[in-house]
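Structure, as structure tokens:
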Amino acid sequence: MSIRSTEGRGQRYDSILDTIGNTPCIRINRIAPDHVTVYVKAEAFNPAASVKDRLALNIIEAAERDGRLAPGQTVVEATSGNTGIGLAMVCAAKGYPLVVTMAESFSIERRRLMRFLGARVVLTPKEEKGLGMYRKAKELAETHGWFLASQFETADNADIHEHTTGPEIIADFAGERLDYWVTGYGTGGTVTGVARALRRERPETRIVLTEPANAAIVSSGVGQERDGMGAPALSHPAFEPHPIQGWTPDFIPLVLQESLDNGFYDELIPVAGPDGMAWARRLAAEEGIFTGVSGGSTFAVAMQVAERAEPGSVILAMLPDTGERYLSTPLFENIAEGMNDEEEALSRSTPGYQIG
Ligand code: PMP
């Protein structure tokens with residue numbers, strides 16, 4: 001094997017925003033069953049390290065194009081983190097002030113990242129769940145005349161996945177099998193947009209949707225009550241707080257509803273948060289692939305599908321973000337700061353440089 005070399009990208013970029021998308025599909029080499037081939041699409045390769053960079057850019061640029069967003073107007077959004085971080089990057093690059101509303105229960109590093117990227121973060125009570133932060137954003141927009149990004153309802157969400165994420169998958173698997181594509185949902189933008197593209201161009205690909213086992217609101221079969229704008233009128237009765245940040249708010253988003261109404265998934269497989277965390281740890285420690293809890297949870301379902309898939313099957317799982325976003329969460333709870341017994345023994349196995 002000769003030394004690896006690189007050639008550069010053959011282009012320079014006019015803005016950080018031009019580096020969004022075109023994330024790699026990466027084969028799993030050590031932890032997948034031998035009779036199938038499993039790939040992951042690693043959205044952490046986006047510049048602000050999550051799938052939501054795509055939607056953030058499109059929400060702003062679509063609103064710029066049709067005049068809903070005026071130069072210098074403040075943007076406001078309710079977000080559990082990744083949309084806020086993506087919007088903060090986009091607003092910083094384009095010069096819009098950003099205010100994010102977020103329930104106080106989400107990880108500390110998310111709010112600090114948004115503030116680092118120049119946004120202001122308004123925390124809302126955790127008892128009020130997703131609906132509380134959502135209503136706060138709406139209230140602020142109406143009172144101050146700000147532009148509400150509306151990620152849960154806007155057509156600009158699924159549209160960008162139909163135009164980027166979906167076509168990327170179709171191009172990367174052109175002429176190859178793609179038997180299963182596995183994803184979770186938060187707003188549903190990823191599943192709805194990619195499914196539009198896959199159903200059109202790869203109708204044989206089975207789409208597997210997943211959601212938290214203890215907040216299986218779609219599996220419950222109970223529909224969502226909405227107001228005239230398509231926003232949720234009530235918290236969904238099957239919702240419970242769950243550990244898969246970024247997934248399943250306490251309502252069925254309008255963007256996801258399109259997937260439900262059009263049969264955009266072939267199977268719905270709930271997953272328990274602890275299983276997702278276990279697989280995120282294995283992806284990191286045994287494949288060198290660093291993803292968050294939703295990525296681990298999606299991969300857990302991909303592994304279930306893999307076990308029963310016919311030999312030769314090809315499976316692709318979405319990994320929405322990086323594990324670095326979860327340092328203060330249960331994902332890292334068994335990762336010590338100090339040395340464990342094994343590390344202490346290693347330290348003592350040579351005479352020098354031992355700490356007191
Ligand atoms: N995982 C994480 C960590 C997320 O932040 C999100 C977006 N909220 C998703 C998954 C789901 O993506 P989508 O909103 O496109 O359904």
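Chain labels A, B, ... are given in the sequence in which chains occur in the structure tokens; within each chain residues are numbered consecutively from 1, and ligands are likewise numbered from 1 in the order shown.
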Test item, strand (DSSP E or B) assignment across segment 43-124 of chain A, answer as a ChimeraX atom specification: /A:50,75-78,98-103,120-124
Protein and nucleic residues near ligand 1, 6 Å, only C-alpha atoms and all ligand atoms, as a ChimeraX atom specification: /A:82,185-190,245-247,294,320-321
Using only C-alpha atoms, can you tell me which of A:Thr37, A:Thr165, A:Gln354, A:Ser150 comes closest to Leu87 of chain A?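 Ranked by minimum distance to Leu87 of chain A, first place goes to A:Ser150.
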Quote the spacing between atom CA of Leu283 of chain A and atom CA of Glu43 of chain A in Å to one decimal place.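 Computing the Euclidean distance for atom CA of Leu283 of chain A and atom CA of Glu43 of chain A yields 14.5 Å.
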Could you give me, as JSON lines, every segment 132-163 of chain A residue with an atom at most 10 Å from segment 69-76 of chain A, plus its closest atom pair and distance in Å to one decimal, counting only C-alpha atoms, rows ordered by chain then number?
{"residue": "A:Lys136", "atom": "CA", "partner": "A:Val76", "partner_atom": "CA", "distance": 9.9}
{"residue": "A:Ala137", "atom": "CA", "partner": "A:Val76", "partner_atom": "CA", "distance": 6.2}
{"residue": "A:Lys138", "atom": "CA", "partner": "A:Val76", "partner_atom": "CA", "distance": 8.2}
{"residue": "A:Leu140", "atom": "CA", "partner": "A:Val76", "partner_atom": "CA", "distance": 7.7}
{"residue": "A:Ala141", "atom": "CA", "partner": "A:Val76", "partner_atom": "CA", "distance": 6.6}
{"residue": "A:His144", "atom": "CA", "partner": "A:Thr74", "partner_atom": "CA", "distance": 8.9}
{"residue": "A:Gly145", "atom": "CA", "partner": "A:Thr74", "partner_atom": "CA", "distance": 8.3}
{"residue": "A:Trp146", "atom": "CA", "partner": "A:Thr74", "partner_atom": "CA", "distance": 5.2}
{"residue": "A:Phe147", "atom": "CA", "partner": "A:Val75", "partner_atom": "CA", "distance": 4.8}
{"residue": "A:Leu148", "atom": "CA", "partner": "A:Val76", "partner_atom": "CA", "distance": 5.0}
{"residue": "A:Ala149", "atom": "CA", "partner": "A:Val76", "partner_atom": "CA", "distance": 6.3}
{"residue": "A:Ser150", "atom": "CA", "partner": "A:Val76", "partner_atom": "CA", "distance": 8.8}
Those residues you just picked out, can you put them in a file as an mmCIF file, in the first residue's frame with C-alpha atoms?
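As written to disk, selection-v2.cif reads:
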data_model
loop_
_atom_site.group_PDB
_atom_site.id
_atom_site.type_symbol
_atom_site.label_atom_id
_atom_site.label_comp_id
_atom_site.auth_asym_id
_atom_site.auth_seq_id
_atom_site.Cartn_x
_atom_site.Cartn_y
_atom_site.Cartn_z
ATOM 1 C CA LYS A 136 -42.478 31.531 22.657
ATOM 2 C CA ALA A 137 -40.800 31.924 19.228
ATOM 3 C CA LYS A 138 -44.160 32.751 17.662
ATOM 4 C CA LEU A 140 -41.572 37.001 19.923
ATOM 5 C CA ALA A 141 -42.002 37.100 16.113
ATOM 6 C CA HIS A 144 -41.282 42.362 17.416
ATOM 7 C CA GLY A 145 -42.005 41.855 13.697
ATOM 8 C CA TRP A 146 -39.309 39.213 13.286
ATOM 9 C CA PHE A 147 -39.076 36.478 10.635
ATOM 10 C CA LEU A 148 -40.176 33.128 12.102
ATOM 11 C CA ALA A 149 -38.233 30.291 10.427
ATOM 12 C CA SER A 150 -41.048 27.714 11.064
#
Spatial neighbours of Pro243 of chain A, 10 Å, only C-alpha atoms, chain gap at least 5 places, as a tab-separated table (two decimals) with C-alpha atoms, in the first residue's frame:
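This is the output file out19.tsv:
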chain	number	residue	atom	x	y	z
A	106	PHE	CA	-31.39	20.44	25.97
A	212	PRO	CA	-38.24	6.70	20.20
A	214	ASN	CA	-41.19	5.67	24.72
A	215	ALA	CA	-42.52	8.46	22.48
A	272	ALA	CA	-35.04	2.61	22.79
A	273	GLY	CA	-32.66	5.48	23.60
A	274	PRO	CA	-30.18	3.30	25.53
A	276	GLY	CA	-29.11	4.02	20.31
A	277	MET	CA	-26.45	5.24	22.73
A	293	VAL	CA	-27.66	9.78	19.93
A	294	SER	CA	-30.02	10.06	16.95
A	329	THR	CA	-25.29	14.17	28.21
A	330	PRO	CA	-25.83	10.49	29.16
A	331	LEU	CA	-24.02	9.47	25.93
Two-atom distance - atom CA of Phe299 of chain A, atom CA of Leu17 of chain A (Å): 28.0 Å
